[in-house]
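This is work-v8.txt. It holds compact mmCIF, C-alpha atoms.
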# COMPACT_ATOMS: atom_id res chain seq x y z
CA GLY I 1 -19.09 -1.67 3.54
CA ALA I 2 -16.21 -1.50 1.04
CA VAL I 3 -14.18 -4.40 2.40
CA VAL I 4 -11.07 -5.65 0.63
CA SER I 5 -9.84 -9.11 1.54
CA GLN I 6 -6.22 -10.04 0.88
CA HIS I 7 -4.77 -13.53 1.23
CA PRO I 8 -2.53 -14.95 2.44
CA SER I 9 -1.55 -12.64 5.28
CA ARG I 10 1.89 -14.18 5.59
CA VAL I 11 4.04 -16.36 3.38
CA ILE I 12 7.41 -17.87 4.12
CA CYS I 13 9.00 -19.84 1.32
CA LYS I 14 12.27 -20.85 -0.26
CA SER I 15 14.13 -18.86 -2.87
CA GLY I 16 12.97 -19.69 -6.38
CA THR I 17 9.37 -20.33 -5.39
CA SER I 18 6.51 -18.47 -7.08
CA VAL I 19 3.96 -16.93 -4.74
CA LYS I 20 0.42 -15.84 -5.56
CA ILE I 21 -1.40 -13.18 -3.53
CA GLU I 22 -5.14 -12.63 -3.95
CA CYS I 23 -7.04 -9.42 -3.48
CA ARG I 24 -10.84 -9.48 -3.41
CA SER I 25 -13.39 -6.73 -3.08
CA LEU I 26 -16.12 -8.37 -1.01
CA ASP I 27 -19.06 -6.00 -1.29
CA PHE I 28 -18.36 -3.80 -4.27
CA GLN I 29 -17.09 -3.99 -7.79
CA ALA I 30 -13.60 -2.70 -8.25
CA THR I 31 -12.84 -1.51 -11.73
CA THR I 32 -9.35 -0.57 -10.62
CA MET I 33 -7.06 -2.29 -8.17
CA PHE I 34 -3.62 -1.24 -7.04
CA TRP I 35 -0.63 -3.17 -5.76
CA TYR I 36 1.89 -1.63 -3.39
CA ARG I 37 5.12 -2.79 -1.83
CA GLN I 38 6.45 -1.48 1.44
CA PHE I 39 9.94 -2.15 2.75
CA PRO I 40 10.72 -1.64 6.47
CA LYS I 41 10.55 2.01 7.53
CA GLN I 42 9.68 3.05 3.99
CA SER I 43 6.47 4.35 2.51
CA LEU I 44 4.09 2.50 0.26
CA MET I 45 5.39 2.38 -3.27
CA LEU I 46 2.90 1.79 -6.05
CA MET I 47 3.93 -1.20 -8.13
CA ALA I 48 1.11 -1.38 -10.63
CA THR I 49 -2.43 -0.41 -11.43
CA SER I 50 -4.76 -3.04 -12.80
CA ASN I 51 -8.04 -2.57 -14.56
CA GLU I 52 -10.51 -5.39 -15.01
CA GLY I 53 -10.04 -7.13 -18.31
CA SER I 54 -6.92 -5.29 -19.40
CA LYS I 55 -3.20 -5.45 -18.86
CA ALA I 56 -1.77 -3.91 -15.74
CA THR I 57 0.15 -0.65 -15.86
CA TYR I 58 3.46 -1.02 -14.07
CA GLU I 59 5.40 1.76 -12.41
CA GLN I 60 8.88 2.53 -13.59
CA GLY I 61 11.40 0.05 -12.26
CA VAL I 62 8.91 -2.73 -11.55
CA GLU I 63 9.57 -5.85 -13.59
CA LYS I 64 6.32 -6.93 -15.20
CA ASP I 65 7.67 -10.40 -15.97
CA LYS I 66 8.53 -10.94 -12.33
CA PHE I 67 5.38 -9.48 -10.81
CA LEU I 68 2.48 -10.89 -12.78
CA ILE I 69 -0.84 -9.20 -12.22
CA ASN I 70 -4.18 -10.59 -13.31
CA HIS I 71 -7.48 -8.76 -12.88
CA ALA I 72 -9.88 -11.23 -14.43
CA SER I 73 -13.05 -10.04 -12.71
CA LEU I 74 -14.45 -6.95 -11.05
CA THR I 75 -13.85 -8.45 -7.62
CA LEU I 76 -10.52 -10.25 -7.92
CA SER I 77 -6.96 -9.30 -8.73
CA THR I 78 -3.93 -11.49 -8.17
CA LEU I 79 -0.23 -10.71 -7.89
CA THR I 80 2.20 -13.53 -8.57
CA VAL I 81 5.81 -13.05 -7.56
CA THR I 82 7.67 -15.40 -9.88
CA SER I 83 10.91 -17.09 -8.84
CA ALA I 84 11.03 -15.05 -5.66
CA HIS I 85 14.37 -14.17 -4.10
CA PRO I 86 15.27 -12.80 -0.67
CA GLU I 87 15.30 -9.22 -2.01
CA ASP I 88 11.60 -9.64 -2.85
CA SER I 89 10.82 -10.03 0.84
CA SER I 90 8.49 -7.18 1.68
CA PHE I 91 4.99 -6.20 2.76
CA TYR I 92 2.65 -6.28 -0.23
CA ILE I 93 -0.63 -4.40 0.00
CA CYS I 94 -3.49 -4.28 -2.45
CA SER I 95 -6.22 -1.70 -2.68
CA ALA I 96 -9.35 -1.21 -4.71
CA TYR I 97 -11.23 1.77 -6.02
CA ASP I 98 -15.00 1.56 -5.89
CA GLY I 99 -15.63 4.41 -8.26
CA THR I 100 -17.80 6.41 -5.86
CA GLY I 101 -15.15 8.81 -4.65
CA SER I 102 -16.00 8.32 -0.98
CA GLN I 103 -12.48 7.10 -0.45
CA PRO I 104 -9.75 7.09 -3.03
CA GLN I 105 -8.90 3.45 -2.30
CA HIS I 106 -9.88 0.70 0.12
CA PHE I 107 -6.92 -1.29 1.40
CA GLY I 108 -6.48 -4.97 2.07
CA ASP I 109 -4.70 -6.12 5.22
CA GLY I 110 -1.45 -6.82 3.40
CA THR I 111 0.74 -9.86 2.86
CA ARG I 112 4.07 -10.27 4.59
CA LEU I 113 6.32 -12.16 2.18
CA SER I 114 9.54 -13.66 3.50
CA ILE I 115 11.85 -15.46 1.09
CA LEU I 116 14.52 -17.61 2.71
CA GLN T 117 7.20 13.37 -10.88
CA LYS T 118 4.85 14.04 -8.00
CA GLU T 119 6.47 14.14 -4.60
CA VAL T 120 5.10 14.20 -1.11
CA GLU T 121 7.45 15.13 1.68
CA GLN T 122 7.11 14.41 5.37
CA ASN T 123 9.47 14.57 8.32
CA SER T 124 10.14 10.96 9.27
CA GLY T 125 10.27 11.74 12.98
CA PRO T 126 9.79 10.27 15.44
CA LEU T 127 7.61 13.00 16.86
CA SER T 128 7.31 12.44 20.59
CA VAL T 129 4.51 14.05 22.58
CA PRO T 130 3.14 13.39 26.06
CA GLU T 131 -0.34 12.03 26.53
CA GLY T 132 -2.93 14.79 26.32
CA ALA T 133 -0.80 17.10 24.19
CA ILE T 134 -1.43 18.25 20.62
CA ALA T 135 0.52 16.45 17.94
CA SER T 136 1.20 18.39 14.75
CA LEU T 137 2.13 16.52 11.58
CA ASN T 138 3.16 18.27 8.40
CA CYS T 139 3.34 17.45 4.72
CA THR T 140 4.30 19.30 1.55
CA TYR T 141 3.58 18.28 -2.01
CA SER T 142 5.12 19.19 -5.33
CA ASP T 143 2.21 19.10 -7.79
CA ARG T 144 0.44 22.44 -7.63
CA GLY T 145 -2.51 20.97 -9.50
CA SER T 146 -3.30 18.43 -6.78
CA GLN T 147 -6.84 18.66 -5.49
CA SER T 148 -7.38 15.84 -3.00
CA PHE T 149 -5.38 15.08 0.11
CA PHE T 150 -5.57 12.33 2.66
CA TRP T 151 -4.08 11.33 5.97
CA TYR T 152 -3.66 7.66 6.76
CA ARG T 153 -2.63 6.03 10.00
CA GLN T 154 -0.53 2.89 9.79
CA TYR T 155 0.27 0.69 12.74
CA SER T 156 3.35 -1.48 12.51
CA GLY T 157 2.73 -4.51 10.31
CA LYS T 158 -0.72 -3.32 9.28
CA SER T 159 -2.12 -1.67 6.20
CA PRO T 160 -3.02 2.04 6.11
CA GLU T 161 -6.28 3.27 7.59
CA LEU T 162 -7.89 6.46 6.29
CA ILE T 163 -8.45 9.02 9.03
CA MET T 164 -8.97 12.33 7.23
CA SER T 165 -9.57 13.75 3.79
CA ILE T 166 -9.43 17.39 2.76
CA TYR T 167 -10.10 19.07 -0.55
CA SER T 168 -10.50 22.81 0.16
CA ASN T 169 -8.24 25.40 1.71
CA GLY T 170 -8.74 25.82 5.43
CA ASP T 171 -9.46 23.49 8.31
CA LYS T 172 -11.54 20.35 8.54
CA GLU T 173 -12.29 18.87 11.93
CA ASP T 174 -13.37 15.34 12.82
CA GLY T 175 -13.33 14.51 16.49
CA ARG T 176 -9.81 14.92 17.83
CA PHE T 177 -8.39 15.30 14.34
CA THR T 178 -8.07 18.51 12.32
CA ALA T 179 -6.68 18.60 8.82
CA GLN T 180 -5.41 21.88 7.41
CA LEU T 181 -4.77 22.65 3.76
CA ASN T 182 -2.99 25.59 2.18
CA LYS T 183 -2.82 25.11 -1.56
CA ALA T 184 -0.86 28.32 -2.15
CA SER T 185 1.91 26.97 0.06
CA GLN T 186 1.36 23.37 -1.06
CA TYR T 187 1.12 22.36 2.55
CA VAL T 188 -1.12 19.94 4.43
CA SER T 189 -1.10 19.31 8.14
CA LEU T 190 -2.82 17.09 10.66
CA LEU T 191 -3.41 18.07 14.26
CA ILE T 192 -4.28 15.47 16.86
CA ARG T 193 -5.70 16.92 20.05
CA ASP T 194 -5.60 15.15 23.39
CA SER T 195 -3.11 12.62 22.04
CA GLN T 196 -3.41 9.10 23.40
CA PRO T 197 -0.86 6.30 23.52
CA SER T 198 -3.09 4.44 21.05
CA ASP T 199 -2.39 7.23 18.55
CA SER T 200 1.23 6.05 18.37
CA ALA T 201 1.65 5.02 14.75
CA THR T 202 3.07 6.22 11.46
CA TYR T 203 0.98 8.87 9.74
CA LEU T 204 1.08 8.93 5.96
CA CYS T 205 0.16 11.93 3.88
CA ALA T 206 -1.19 11.05 0.44
CA VAL T 207 -2.13 13.00 -2.66
CA VAL T 208 -4.46 11.78 -5.38
CA GLY T 209 -3.21 11.77 -8.94
CA GLY T 210 -4.67 10.59 -12.19
CA TYR T 211 -6.85 7.44 -12.31
CA SER T 212 -7.29 7.60 -8.52
CA THR T 213 -3.64 6.76 -7.90
CA LEU T 214 -2.20 7.79 -4.56
CA THR T 215 1.28 9.16 -3.97
CA PHE T 216 2.35 8.67 -0.37
CA GLY T 217 4.90 10.47 1.72
CA LYS T 218 7.35 8.39 3.72
CA GLY T 219 5.30 8.95 6.84
CA THR T 220 5.92 10.50 10.24
CA MET T 221 6.20 8.23 13.23
CA LEU T 222 4.28 9.56 16.22
CA LEU T 223 5.06 8.36 19.73
CA VAL T 224 2.68 9.34 22.52
CA SER T 225 4.05 8.64 25.95
CA PRO T 226 1.75 7.94 28.94

Starting from the coordinates I provided, produce the structure as structure tokens.
Amino acid sequence: GAVVSQHPSRVICKSGTSVKIECRSLDFQATTMFWYRQFPKQSLMLMATSNEGSKATYEQGVEKDKFLINHASLTLSTLTVTSAHPEDSSFYICSAYDGTGSQPQHFGDGTRLSIL
Amino acid sequence: QKEVEQNSGPLSVPEGAIASLNCTYSDRGSQSFFWYRQYSGKSPELIMSIYSNGDKEDGRFTAQLNKASQYVSLLIRDSQPSDSATYLCAVVGGYSTLTFGKGTMLLVSP
């Protein structure tokens, strides 16, 4: 149980393109979802926390107008990287909290974003 | 600001040896601690959780917690080449957020 599906797994696109990444909890309701970014040889850095039906809370230094997060239902959150540039190339990972405490978060498989 | 510190490694051990991974954290009020394994290009996978001082064993893995010293460790017995990965220490904060260390790369040679 507690599966989180993240799509797409890999995106390669031109600079200036907007890219949407979806994160779905398949067998549980996720009141809270998290978005992380991981650069090569670095740790996961929390970008934002999203709660269903409310605005996301962004970490310091993360541009909310560039990284748009929508959590419209208890099973779906999306991250849109607007007007992506090469410096946005990274590994983006979502996770979801099921509220039971069995695990702090369940992780998706990640999205490798490459901006040319 | 909460911080989690780990030696980046790599930690190299021969197959069959014990690998010892260490982590310190800055927030003395932290209560929940986790070890994740991350293979290259993959997302983290939870391998151990620990909440109380002392040792917790699960198969070849033993997590150790010392809250007075703000120190968490992970021991891997009988290390296998398939254990080669980056091991991330994580601490739970408010609203179930996780603060990760930078990770220690473990290399197990056959």

Closest pair table for chain I residues within 7 Å of chain T, only C-alpha atoms, as a tab-separated table:
residue	atom	partner	partner_atom	distance
I:Gln42	CA	T:Lys218	CA	5.8
I:Ser43	CA	T:Lys218	CA	4.3
I:Leu44	CA	T:Phe216	CA	6.4
I:Ile93	CA	T:Ser159	CA	6.9
I:Pro104	CA	T:Ser212	CA	6.0
I:Phe107	CA	T:Ser159	CA	6.8
I:Gly108	CA	T:Ser159	CA	6.9
I:Asp109	CA	T:Ser159	CA	5.2
I:Gly110	CA	T:Ser159	CA	5.9

Problem set entry | CA of Ile69 in chain I to CA of Ala56 in chain I, distance in Å rounded to a single decimal |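 Spanning CA of Ile69 in chain I to CA of Ala56 in chain I is a straight-line distance of 6.4 Å.
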
Problem set entry | Spatial neighbours of Arg112 in chain I, 12 Å, only C-alpha atoms, chain gap at least 6 places, as number ranges by chain | I: 6-13, 19, 21, 36-40, 88-94; T: 156-159

Please, which residues in range 130-186 of chain T fall within 6 Å of range 117-121 of chain T when counting only C-alpha atoms, and what is the closest atom pair and distance in Å to one decimal for each, ordered by chain then residue number, as CSV?
residue,atom,partner,partner_atom,distance
T:Cys139,CA,T:Glu121,CA,5.6
T:Thr140,CA,T:Glu121,CA,5.2
T:Tyr141,CA,T:Val120,CA,4.4
T:Ser142,CA,T:Glu119,CA,5.3
T:Asp143,CA,T:Lys118,CA,5.7

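Shell of Lys64 in chain I at 10 Å, with all atoms listed in the file counted and residues fewer than 5 places along the chain excluded, is Met47, Ala48, Ala56, Thr57, Tyr58, Glu59, Ile69 and Val81 of chain I.
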
Exercise. Which value, in Å to one decimal, gives the distance between CA of Ser18 in chain I and CA of Gln154 in chain T?
Worked result: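 It comes out at 28.1 Å.
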
For this session: Tell me, as an NGL selection string, which residues lie within 6 Å of Ala30 in chain I, counting all atoms listed in the file; anything in the same chain fewer than 4 positions away does not count.
Result: :I and (74-75 or 96-98)

Exercise. Quick one: residues within 7 Å of Ser50 in chain I, all atoms listed in the file counted, chain neighbours fewer than 3 positions away excluded, as a PyMOL selection string?
Worked result: chain I and resi 32-34+55-57+71

For this session: Using CA of Gly170 in chain T and CA of Gln122 in chain T as the two end points, give the distance in Å to one decimal.
Result: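 These two atoms are separated by 19.5 Å.
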
Exercise. Which one of I:Ser114, I:Asn51, I:Gln60, I:Ser5 sits closest to Glu87 in chain I if you count all atoms listed in the file?
Worked result: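 Looking only at the distances to Glu87 in chain I, the closest residue turns out to be I:Ser114.
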
For this session: Using only C-alpha atoms, find the one residue out of T:Gln147, T:Asn182, T:Ser225, T:Ser168 that sits nearest to Asp194 in chain T.
Result: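 Using only C-alpha atoms, Asp194 in chain T sits closest to T:Ser225.
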
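For the residues T:Ser146, T:Val224, T:Arg153, T:Ser128, ranking by smallest atom-to-atom distance to Leu190 in chain T using only C-alpha atoms places T:Arg153 first.
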
Exercise. So which residues touch Asn169 in chain T within 8 Å, counting all atoms listed in the file, skipping near sequence neighbours fewer than 2 positions away, as a ChimeraX atom specification?
Worked result: /T:167,171,180-183

Seminar exercise, completed: Nearest to Ala72 in chain I, restricted to all atoms listed in the file and choosing among I:Gln29, I:Gln103, I:Ser54, I:Thr49, comes out as I:Ser54

Draw an axis-aligned box over all listed atoms of range 76-87 of chain I, pad each side with 3 Å, and write its centre and edge lengths in Å, one decimal, as lines of an AutoDock Vina configuration file.
center_x = 2.4
center_y = -13.2
center_z = -5.3
size_x = 31.8
size_y = 13.9
size_z = 15.2
